[in-house]
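Asks: So that you have it, the file is data_26.pdb, and it contains PDB, C-alpha atoms:
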MODEL        1
ATOM      1  CA  MET K 541     100.311 100.007 125.327  1.00  0.00           C
ATOM      2  CA  GLN K 542     100.543  98.676 121.829  1.00  0.00           C
ATOM      3  CA  ASP K 543      97.596 100.668 120.496  1.00  0.00           C
ATOM      4  CA  GLN K 544      99.306 103.885 121.572  1.00  0.00           C
ATOM      5  CA  MET K 545     102.395 103.292 119.489  1.00  0.00           C
ATOM      6  CA  PRO K 546     102.488 105.576 116.444  1.00  0.00           C
ATOM      7  CA  ASN K 547     102.486 103.591 113.242  1.00  0.00           C
ATOM      8  CA  LEU K 548     105.303 105.541 111.602  1.00  0.00           C
ATOM      9  CA  PRO K 549     105.640 105.475 107.822  1.00  0.00           C
ATOM     10  CA  PRO K 550     108.832 103.809 106.551  1.00  0.00           C
ATOM     11  CA  VAL K 551     111.372 106.573 106.045  1.00  0.00           C
ATOM     12  CA  ASP K 552     114.927 106.322 104.770  1.00  0.00           C
ATOM     13  CA  PRO K 553     116.791 108.620 107.212  1.00  0.00           C
ATOM     14  CA  ALA K 554     118.977 109.850 104.356  1.00  0.00           C
ATOM     15  CA  ARG K 555     115.839 111.145 102.605  1.00  0.00           C
ATOM     16  CA  ALA K 556     113.890 112.345 105.624  1.00  0.00           C
ATOM     17  CA  ALA K 557     114.224 115.959 104.566  1.00  0.00           C
ATOM     18  CA  GLU K 558     112.485 115.278 101.256  1.00  0.00           C
ATOM     19  CA  PRO K 559     108.727 115.818 101.154  1.00  0.00           C
ATOM     20  CA  PHE K 560     106.395 112.835 101.262  1.00  0.00           C
ATOM     21  CA  ALA K 561     102.915 112.509  99.813  1.00  0.00           C
ATOM     22  CA  ALA K 562     100.399 114.086 102.174  1.00  0.00           C
ATOM     23  CA  SER K 563      98.434 110.832 102.160  1.00  0.00           C
ATOM     24  CA  THR K 564     101.341 109.197 104.000  1.00  0.00           C
ATOM     25  CA  PHE K 565     100.488 111.222 107.056  1.00  0.00           C
ATOM     26  CA  THR K 566      97.206 110.215 108.609  1.00  0.00           C
ATOM     27  CA  PRO K 567      95.230 111.739 111.479  1.00  0.00           C
ATOM     28  CA  ASP K 568      95.829 108.497 113.368  1.00  0.00           C
ATOM     29  CA  LEU K 569      99.594 108.928 113.055  1.00  0.00           C
ATOM     30  CA  LEU K 570      99.488 112.568 114.106  1.00  0.00           C
ATOM     31  CA  ALA K 571      97.175 111.848 117.045  1.00  0.00           C
ATOM     32  CA  SER K 572      99.522 109.136 118.294  1.00  0.00           C
ATOM     33  CA  LEU K 573     102.574 111.368 117.979  1.00  0.00           C
ATOM     34  CA  LEU K 574     100.816 114.116 119.894  1.00  0.00           C
ATOM     35  CA  ALA K 575      99.720 111.793 122.677  1.00  0.00           C
ATOM     36  CA  ASP K 576     103.311 110.532 122.841  1.00  0.00           C
ATOM     37  CA  GLY K 577     104.566 114.079 123.381  1.00  0.00           C
ATOM     38  CA  ASP K 578     106.682 113.945 120.218  1.00  0.00           C
ATOM     39  CA  ASP K 579     106.443 117.518 118.962  1.00  0.00           C
ATOM     40  CA  GLU K 580     109.419 117.037 116.636  1.00  0.00           C
ATOM     41  CA  LEU K 581     107.803 114.258 114.601  1.00  0.00           C
ATOM     42  CA  ALA K 582     104.385 115.894 114.878  1.00  0.00           C
ATOM     43  CA  ALA K 583     105.883 119.049 113.351  1.00  0.00           C
ATOM     44  CA  TRP K 584     107.539 116.952 110.648  1.00  0.00           C
ATOM     45  CA  THR K 585     104.152 115.398 109.876  1.00  0.00           C
ATOM     46  CA  LEU K 586     102.468 118.791 109.658  1.00  0.00           C
ATOM     47  CA  ARG K 587     105.332 120.227 107.597  1.00  0.00           C
ATOM     48  CA  ASN K 588     104.866 117.469 105.046  1.00  0.00           C
ATOM     49  CA  ALA K 589     101.146 118.195 104.852  1.00  0.00           C
ATOM     50  CA  LEU K 590     101.953 121.890 104.352  1.00  0.00           C
ATOM     51  CA  ALA K 591     104.195 120.996 101.429  1.00  0.00           C
ATOM     52  CA  GLU K 592     101.107 119.908  99.499  1.00  0.00           C
ATOM     53  CA  GLN K 593      98.303 121.943 101.049  1.00  0.00           C
ATOM     54  CA  GLY K 594      97.674 125.445 102.247  1.00  0.00           C
ATOM     55  CA  ARG K 595      97.960 125.978 105.979  1.00  0.00           C
ATOM     56  CA  ALA K 596      94.225 126.464 106.515  1.00  0.00           C
ATOM     57  CA  VAL K 597      93.380 123.326 104.519  1.00  0.00           C
ATOM     58  CA  ALA K 598      95.983 121.222 106.327  1.00  0.00           C
ATOM     59  CA  PHE K 599      94.843 122.457 109.726  1.00  0.00           C
ATOM     60  CA  ASP K 600      91.151 121.978 108.886  1.00  0.00           C
ATOM     61  CA  GLY K 601      91.891 118.462 107.633  1.00  0.00           C
ATOM     62  CA  LEU K 602      94.787 116.533 109.115  1.00  0.00           C
ATOM     63  CA  LEU K 603      95.166 118.529 112.316  1.00  0.00           C
ATOM     64  CA  ARG K 604      91.468 118.818 113.155  1.00  0.00           C
ATOM     65  CA  ASP K 605      90.867 115.132 112.419  1.00  0.00           C
ATOM     66  CA  ALA K 606      93.825 114.174 114.607  1.00  0.00           C
ATOM     67  CA  MET K 607      92.525 116.228 117.520  1.00  0.00           C
ATOM     68  CA  ARG K 608      89.063 114.755 116.997  1.00  0.00           C
ATOM     69  CA  LEU K 609      90.632 111.296 117.365  1.00  0.00           C
ATOM     70  CA  VAL K 610      92.380 112.437 120.534  1.00  0.00           C
ATOM     71  CA  GLY K 611      89.035 113.587 121.936  1.00  0.00           C
ATOM     72  CA  GLU K 612      87.272 110.386 120.940  1.00  0.00           C
ATOM     73  CA  ARG K 613      89.963 108.200 122.475  1.00  0.00           C
ATOM     74  CA  TRP K 614      89.824 110.184 125.690  1.00  0.00           C
ATOM     75  CA  SER K 615      86.022 110.084 125.915  1.00  0.00           C
ATOM     76  CA  SER K 616      85.954 106.353 125.182  1.00  0.00           C
ATOM     77  CA  GLY K 617      88.492 105.694 127.944  1.00  0.00           C
ATOM     78  CA  ARG K 618      91.134 104.407 125.552  1.00  0.00           C
ATOM     79  CA  TRP K 619      93.408 107.306 126.455  1.00  0.00           C
ATOM     80  CA  THR K 620      93.682 109.037 129.817  1.00  0.00           C
ATOM     81  CA  VAL K 621      92.998 112.704 130.435  1.00  0.00           C
ATOM     82  CA  ALA K 622      96.758 113.091 130.931  1.00  0.00           C
ATOM     83  CA  GLU K 623      97.354 111.882 127.384  1.00  0.00           C
ATOM     84  CA  GLU K 624      94.659 114.201 126.100  1.00  0.00           C
ATOM     85  CA  HIS K 625      96.332 117.159 127.829  1.00  0.00           C
ATOM     86  CA  LEU K 626      99.760 116.051 126.649  1.00  0.00           C
ATOM     87  CA  ALA K 627      98.459 115.942 123.071  1.00  0.00           C
ATOM     88  CA  SER K 628      97.245 119.546 123.321  1.00  0.00           C
ATOM     89  CA  GLN K 629     100.527 120.765 124.796  1.00  0.00           C
ATOM     90  CA  THR K 630     102.526 118.827 122.219  1.00  0.00           C
ATOM     91  CA  LEU K 631     100.470 120.351 119.430  1.00  0.00           C
ATOM     92  CA  LEU K 632     101.285 123.854 120.685  1.00  0.00           C
ATOM     93  CA  ARG K 633     104.982 123.011 120.627  1.00  0.00           C
ATOM     94  CA  ALA K 634     104.686 121.457 117.166  1.00  0.00           C
ATOM     95  CA  LEU K 635     102.903 124.577 115.908  1.00  0.00           C
ATOM     96  CA  GLU K 636     105.788 126.703 117.178  1.00  0.00           C
ATOM     97  CA  ARG K 637     108.136 124.597 115.049  1.00  0.00           C
ATOM     98  CA  ILE K 638     106.152 125.250 111.872  1.00  0.00           C
ATOM     99  CA  ARG K 639     105.342 128.911 112.535  1.00  0.00           C
ATOM    100  CA  PRO K 640     105.536 131.029 109.349  1.00  0.00           C
ATOM    101  CA  PRO K 641     108.680 133.156 109.230  1.00  0.00           C
ATOM    102  CA  GLN K 642     108.210 136.515 110.907  1.00  0.00           C
ATOM    103  CA  GLY K 643     109.965 139.695 109.965  1.00  0.00           C
ATOM    104  CA  PRO K 644     109.233 143.404 109.710  1.00  0.00           C
ATOM    105  CA  GLU K 645     107.156 142.796 106.580  1.00  0.00           C
ATOM    106  CA  SER K 646     104.764 140.639 108.587  1.00  0.00           C
ATOM    107  CA  ARG K 647     103.738 143.750 110.524  1.00  0.00           C
ATOM    108  CA  ILE K 648     102.609 145.684 107.452  1.00  0.00           C
ATOM    109  CA  GLY K 649      99.175 144.167 106.793  1.00  0.00           C
ATOM    110  CA  PRO K 650      95.960 144.987 108.645  1.00  0.00           C
ATOM    111  CA  LEU K 651      95.903 143.856 112.264  1.00  0.00           C
ATOM    112  CA  ALA K 652      93.589 141.109 113.494  1.00  0.00           C
ATOM    113  CA  VAL K 653      93.110 140.709 117.225  1.00  0.00           C
ATOM    114  CA  LEU K 654      92.535 137.101 118.318  1.00  0.00           C
ATOM    115  CA  ALA K 655      90.982 136.355 121.690  1.00  0.00           C
ATOM    116  CA  GLY K 656      89.235 133.651 123.634  1.00  0.00           C
ATOM    117  CA  VAL K 657      86.189 134.845 125.549  1.00  0.00           C
ATOM    118  CA  ALA K 658      86.208 134.957 129.353  1.00  0.00           C
ATOM    119  CA  GLY K 659      86.445 131.486 130.849  1.00  0.00           C
ATOM    120  CA  GLU K 660      87.560 129.882 127.599  1.00  0.00           C
ATOM    121  CA  HIS K 661      90.194 127.196 128.099  1.00  0.00           C
ATOM    122  CA  HIS K 662      90.717 126.097 124.511  1.00  0.00           C
ATOM    123  CA  GLY K 663      93.229 128.140 122.561  1.00  0.00           C
ATOM    124  CA  LEU K 664      94.399 125.713 119.894  1.00  0.00           C
ATOM    125  CA  GLY K 665      91.999 127.063 117.295  1.00  0.00           C
ATOM    126  CA  LEU K 666      93.284 130.588 117.823  1.00  0.00           C
ATOM    127  CA  ALA K 667      96.890 129.397 117.649  1.00  0.00           C
ATOM    128  CA  CYS K 668      96.089 127.831 114.277  1.00  0.00           C
ATOM    129  CA  LEU K 669      94.207 130.900 113.064  1.00  0.00           C
ATOM    130  CA  ASP K 670      97.183 133.050 114.063  1.00  0.00           C
ATOM    131  CA  GLN K 671      99.407 131.092 111.682  1.00  0.00           C
ATOM    132  CA  VAL K 672      96.837 131.057 108.882  1.00  0.00           C
ATOM    133  CA  LEU K 673      96.393 134.842 109.028  1.00  0.00           C
ATOM    134  CA  ARG K 674     100.146 135.452 109.247  1.00  0.00           C
ATOM    135  CA  ASP K 675     100.566 133.325 106.142  1.00  0.00           C
ATOM    136  CA  ASP K 676      98.059 135.589 104.419  1.00  0.00           C
ATOM    137  CA  GLY K 677      99.853 138.722 105.594  1.00  0.00           C
TER     138      GLY K 677
ATOM    139  CA  MET H 563      91.278 150.224 124.541  1.00  0.00           C
ATOM    140  CA  PHE H 564      93.537 147.764 122.764  1.00  0.00           C
ATOM    141  CA  LEU H 565      91.414 147.579 119.600  1.00  0.00           C
ATOM    142  CA  GLY H 566      91.434 151.309 118.986  1.00  0.00           C
ATOM    143  CA  ARG H 567      94.975 151.920 120.149  1.00  0.00           C
ATOM    144  CA  ASN H 568      96.257 149.367 117.651  1.00  0.00           C
ATOM    145  CA  ASP H 569      93.853 150.274 114.844  1.00  0.00           C
ATOM    146  CA  ALA H 570      92.574 146.680 114.670  1.00  0.00           C
ATOM    147  CA  ALA H 571      90.868 145.701 111.425  1.00  0.00           C
ATOM    148  CA  LEU H 572      89.272 142.526 112.768  1.00  0.00           C
ATOM    149  CA  LEU H 573      88.428 140.934 116.102  1.00  0.00           C
ATOM    150  CA  ALA H 574      88.362 137.133 116.047  1.00  0.00           C
ATOM    151  CA  LEU H 575      86.704 135.578 119.079  1.00  0.00           C
ATOM    152  CA  SER H 576      86.793 131.921 119.979  1.00  0.00           C
ATOM    153  CA  ALA H 577      84.437 129.987 122.238  1.00  0.00           C
ATOM    154  CA  SER H 578      83.894 126.296 122.651  1.00  0.00           C
ATOM    155  CA  LEU H 579      81.011 125.465 124.951  1.00  0.00           C
ATOM    156  CA  PRO H 580      77.444 126.823 124.632  1.00  0.00           C
ATOM    157  CA  GLU H 581      77.846 127.998 128.249  1.00  0.00           C
ATOM    158  CA  ARG H 582      80.204 130.667 126.916  1.00  0.00           C
ATOM    159  CA  GLU H 583      77.331 132.418 125.141  1.00  0.00           C
ATOM    160  CA  GLN H 584      77.112 135.201 127.725  1.00  0.00           C
ATOM    161  CA  ALA H 585      80.894 135.649 127.645  1.00  0.00           C
ATOM    162  CA  VAL H 586      80.682 136.096 123.880  1.00  0.00           C
ATOM    163  CA  ARG H 587      77.927 138.677 124.344  1.00  0.00           C
ATOM    164  CA  ASP H 588      80.062 140.538 126.884  1.00  0.00           C
ATOM    165  CA  ALA H 589      83.096 140.524 124.604  1.00  0.00           C
ATOM    166  CA  VAL H 590      81.045 141.736 121.632  1.00  0.00           C
ATOM    167  CA  ALA H 591      79.482 144.515 123.715  1.00  0.00           C
ATOM    168  CA  ALA H 592      82.895 145.615 124.983  1.00  0.00           C
ATOM    169  CA  ALA H 593      84.318 145.689 121.471  1.00  0.00           C
ATOM    170  CA  ARG H 594      81.353 147.670 120.109  1.00  0.00           C
ATOM    171  CA  ALA H 595      81.726 150.182 122.950  1.00  0.00           C
ATOM    172  CA  ALA H 596      85.456 150.560 122.412  1.00  0.00           C
ATOM    173  CA  GLY H 597      85.077 153.818 120.509  1.00  0.00           C
ATOM    174  CA  THR H 598      87.353 152.871 117.640  1.00  0.00           C
ATOM    175  CA  ASP H 599      87.703 155.211 114.658  1.00  0.00           C
ATOM    176  CA  ARG H 600      85.774 152.757 112.523  1.00  0.00           C
ATOM    177  CA  PRO H 601      83.646 149.782 113.563  1.00  0.00           C
ATOM    178  CA  VAL H 602      85.758 146.670 114.049  1.00  0.00           C
ATOM    179  CA  PRO H 603      84.197 143.615 112.385  1.00  0.00           C
ATOM    180  CA  ILE H 604      83.818 140.710 114.792  1.00  0.00           C
ATOM    181  CA  MET H 605      84.256 137.114 113.737  1.00  0.00           C
ATOM    182  CA  LEU H 606      83.304 134.158 115.945  1.00  0.00           C
ATOM    183  CA  GLY H 607      84.829 130.694 115.710  1.00  0.00           C
ATOM    184  CA  GLY H 608      85.181 127.616 117.849  1.00  0.00           C
ATOM    185  CA  THR H 609      82.870 124.700 118.457  1.00  0.00           C
ATOM    186  CA  ILE H 610      80.154 126.997 119.808  1.00  0.00           C
ATOM    187  CA  THR H 611      79.437 127.807 116.155  1.00  0.00           C
ATOM    188  CA  ALA H 612      78.436 124.185 115.503  1.00  0.00           C
ATOM    189  CA  ASP H 613      75.045 125.051 117.006  1.00  0.00           C
ATOM    190  CA  SER H 614      73.671 127.430 114.405  1.00  0.00           C
ATOM    191  CA  THR H 615      70.909 128.641 116.742  1.00  0.00           C
ATOM    192  CA  VAL H 616      73.466 129.838 119.284  1.00  0.00           C
ATOM    193  CA  ALA H 617      75.592 131.453 116.611  1.00  0.00           C
ATOM    194  CA  ALA H 618      72.562 133.219 115.144  1.00  0.00           C
ATOM    195  CA  ARG H 619      71.678 134.776 118.511  1.00  0.00           C
ATOM    196  CA  LEU H 620      75.092 136.321 118.957  1.00  0.00           C
ATOM    197  CA  GLU H 621      75.504 139.680 117.292  1.00  0.00           C
ATOM    198  CA  VAL H 622      78.737 139.051 115.469  1.00  0.00           C
ATOM    199  CA  ASP H 623      79.483 140.042 111.895  1.00  0.00           C
ATOM    200  CA  PHE H 624      80.829 136.693 110.755  1.00  0.00           C
ATOM    201  CA  VAL H 625      80.656 133.125 111.936  1.00  0.00           C
ATOM    202  CA  ALA H 626      83.549 130.936 110.806  1.00  0.00           C
ATOM    203  CA  GLY H 627      83.043 127.204 110.902  1.00  0.00           C
ATOM    204  CA  SER H 628      86.550 126.418 109.698  1.00  0.00           C
ATOM    205  CA  LEU H 629      89.964 127.997 109.278  1.00  0.00           C
ATOM    206  CA  VAL H 630      89.496 128.124 105.510  1.00  0.00           C
ATOM    207  CA  GLU H 631      86.319 130.112 106.055  1.00  0.00           C
ATOM    208  CA  ALA H 632      87.976 132.341 108.671  1.00  0.00           C
ATOM    209  CA  ALA H 633      90.854 133.098 106.303  1.00  0.00           C
ATOM    210  CA  ARG H 634      88.420 133.965 103.514  1.00  0.00           C
ATOM    211  CA  LEU H 635      86.463 136.307 105.795  1.00  0.00           C
ATOM    212  CA  ALA H 636      89.666 137.930 107.038  1.00  0.00           C
ATOM    213  CA  ARG H 637      90.751 138.532 103.446  1.00  0.00           C
ATOM    214  CA  THR H 638      87.404 140.188 102.751  1.00  0.00           C
ATOM    215  CA  VAL H 639      87.934 142.492 105.709  1.00  0.00           C
ATOM    216  CA  ALA H 640      91.556 143.205 104.771  1.00  0.00           C
ATOM    217  CA  VAL H 641      90.719 144.443 101.272  1.00  0.00           C
ATOM    218  CA  SER H 642      88.107 146.820 102.700  1.00  0.00           C
ATOM    219  CA  VAL H 643      90.559 148.461 105.097  1.00  0.00           C
ATOM    220  CA  PRO H 644      91.642 151.871 103.800  1.00  0.00           C
ATOM    221  CA  GLU H 645      95.360 152.017 103.183  1.00  0.00           C
ATOM    222  CA  GLY H 646      97.432 154.368 105.276  1.00  0.00           C
ATOM    223  CA  ASN H 647      98.414 157.703 103.804  1.00  0.00           C
ATOM    224  CA  PRO H 648     102.125 157.528 102.876  1.00  0.00           C
ATOM    225  CA  GLU H 649     102.331 161.331 103.204  1.00  0.00           C
ATOM    226  CA  GLU H 650     101.163 161.125 106.768  1.00  0.00           C
ATOM    227  CA  GLU H 651     103.763 161.685 109.466  1.00  0.00           C
ATOM    228  CA  PRO H 652     104.426 158.491 111.430  1.00  0.00           C
ATOM    229  CA  ALA H 653     103.104 158.516 114.948  1.00  0.00           C
ATOM    230  CA  GLU H 654     105.654 159.575 117.525  1.00  0.00           C
ATOM    231  CA  LEU H 655     106.925 156.824 119.736  1.00  0.00           C
ATOM    232  CA  ASP H 656     105.856 157.002 123.305  1.00  0.00           C
ATOM    233  CA  SER H 657     108.988 158.029 125.202  1.00  0.00           C
ATOM    234  CA  ALA H 658     107.558 157.024 128.544  1.00  0.00           C
ATOM    235  CA  GLY H 659     109.166 154.045 130.203  1.00  0.00           C
TER     236      GLY H 659
ENDMDL
END
For the structure just supplied, provide its representation as structure tokens.

Replies:
Amino acid sequence: MQDQMPNLPPVDPARAAEPFAASTFTPDLLASLLADGDDELAAWTLRNALAEQGRAVAFDGLLRDAMRLVGERWSSGRWTVAEEHLASQTLLRALERIRPPQGPESRIGPLAVLAGVAGEHHGLGLACLDQVLRDDG
Amino acid sequence: MFLGRNDAALLALSASLPEREQAVRDAVAAARAAGTDRPVPIMLGGTITADSTVAARLEVDFVAGSLVEAARLARTVAVSVPEGNPEEEPAELDSAG
């Protein structure tokens, strides 16, 4: 369907590795990429946001707004539950692609234990918090 | 228990629906009863925190409405954690297994 096609920003492939202004990457774009199952471009979108913003700010803004759009489009019937689930799975894969580097030094700081309560099915917030806290050491 | 065995400095719990209130209570009670060397601060996040009345009833130490807030609270906890004694002998590795 036409309204599911991500409206990609114009990018010169030869300059794709260069950072773009964060405003280029909208929640609508990210939501569409996620519902398309494109974790590579979703990660690229998030990576560009991270070039200008801290991880917590980017996740609270662009990522949260994108997932809110996914939820709205599912509840309004514009997207199917399959697309909603695909978006969540794609986001997990995209997050893996932008995970902060891990090494022995990342084990030095105080330990935070992250857990969903019994019966909880939503783990995206914890996956994001994991990266934010790792970034902070 | 995991929290004590790993000397956790913070427990971050996540819950989405208000129906998870009892599950949050159970998790908090289990963490408080874990018998850790020092009390482990408990932070709650997730959409359950959008209802401030629910969040207020749950006996957690912090409620985080965003990742920015959660990171700030975690930093507060981290600076209050006593640093390890460099003179202390490292714990022996468990040779079992």

Asks: Give as a ChimeraX atom specification the residues that the PyMOL selection byres ((chain K) within 10 of (chain H)) matches when applied to the coordinates above.

Replies: /K:594-601,604,649-666,668-670,672-673,675-677

Asks: Need to verify the contact set: Ala575 of chain K, 9 Å, all atoms listed in the file, exclusion of same-chain residues closer than 3 positions in sequence. Can you return it as a list in words?

Replies: Gln544, Leu570, Ala571, Ser572, Asp578, Val610, Trp619, Ala622, Glu623, Glu624, His625, Leu626, Ala627, Ser628 and Thr630 of chain K

Asks: In Å, rounded to a single decimal, give me how far atom CA of Val625 of chain H is from atom CA of Gln671 of chain K.

Replies: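 These atoms are spaced 18.9 Å apart.
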
Asks: Measuring between all atoms listed in the file, which one of K:Leu574, K:Ala634, K:Glu558, K:Pro640 shows the shortest distance to Gly611 of chain K?

Replies: K:Leu574

Asks: Could you tell me how far atom CA of Pro641 of chain K sits from atom CA of Leu573 of chain K, in Å to one decimal place?

Replies: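 Here the two named atoms are 24.3 Å from each other.
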
Asks: If I take atom CA of Arg594 of chain H and atom CA of Arg647 of chain K, how far is one from the other in Å, to one decimal?

Replies: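 Pair atom CA of Arg594 of chain H / atom CA of Arg647 of chain K returns 24.7 Å.
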
Asks: Any chance you could work out the residue set of the PyMOL selection byres ((chain K and resi 591) around 12) here, as a ChimeraX atom specification?

Replies: /K:557-563,565,584-590,592-595,597-598,638

Asks: Here is a test: counting only C-alpha atoms, which residue of K:Ala582, K:Arg613, K:Pro567, K:Gly577 is nearest to Gln629 of chain K?

Replies: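 Ranked by minimum distance to Gln629 of chain K, first place goes to K:Gly577.
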
Asks: Could you check which of H:Ala626, H:Arg567, H:Ala595, H:Leu635 is closest to Ala612 of chain H, using only C-alpha atoms?

Replies: H:Ala626
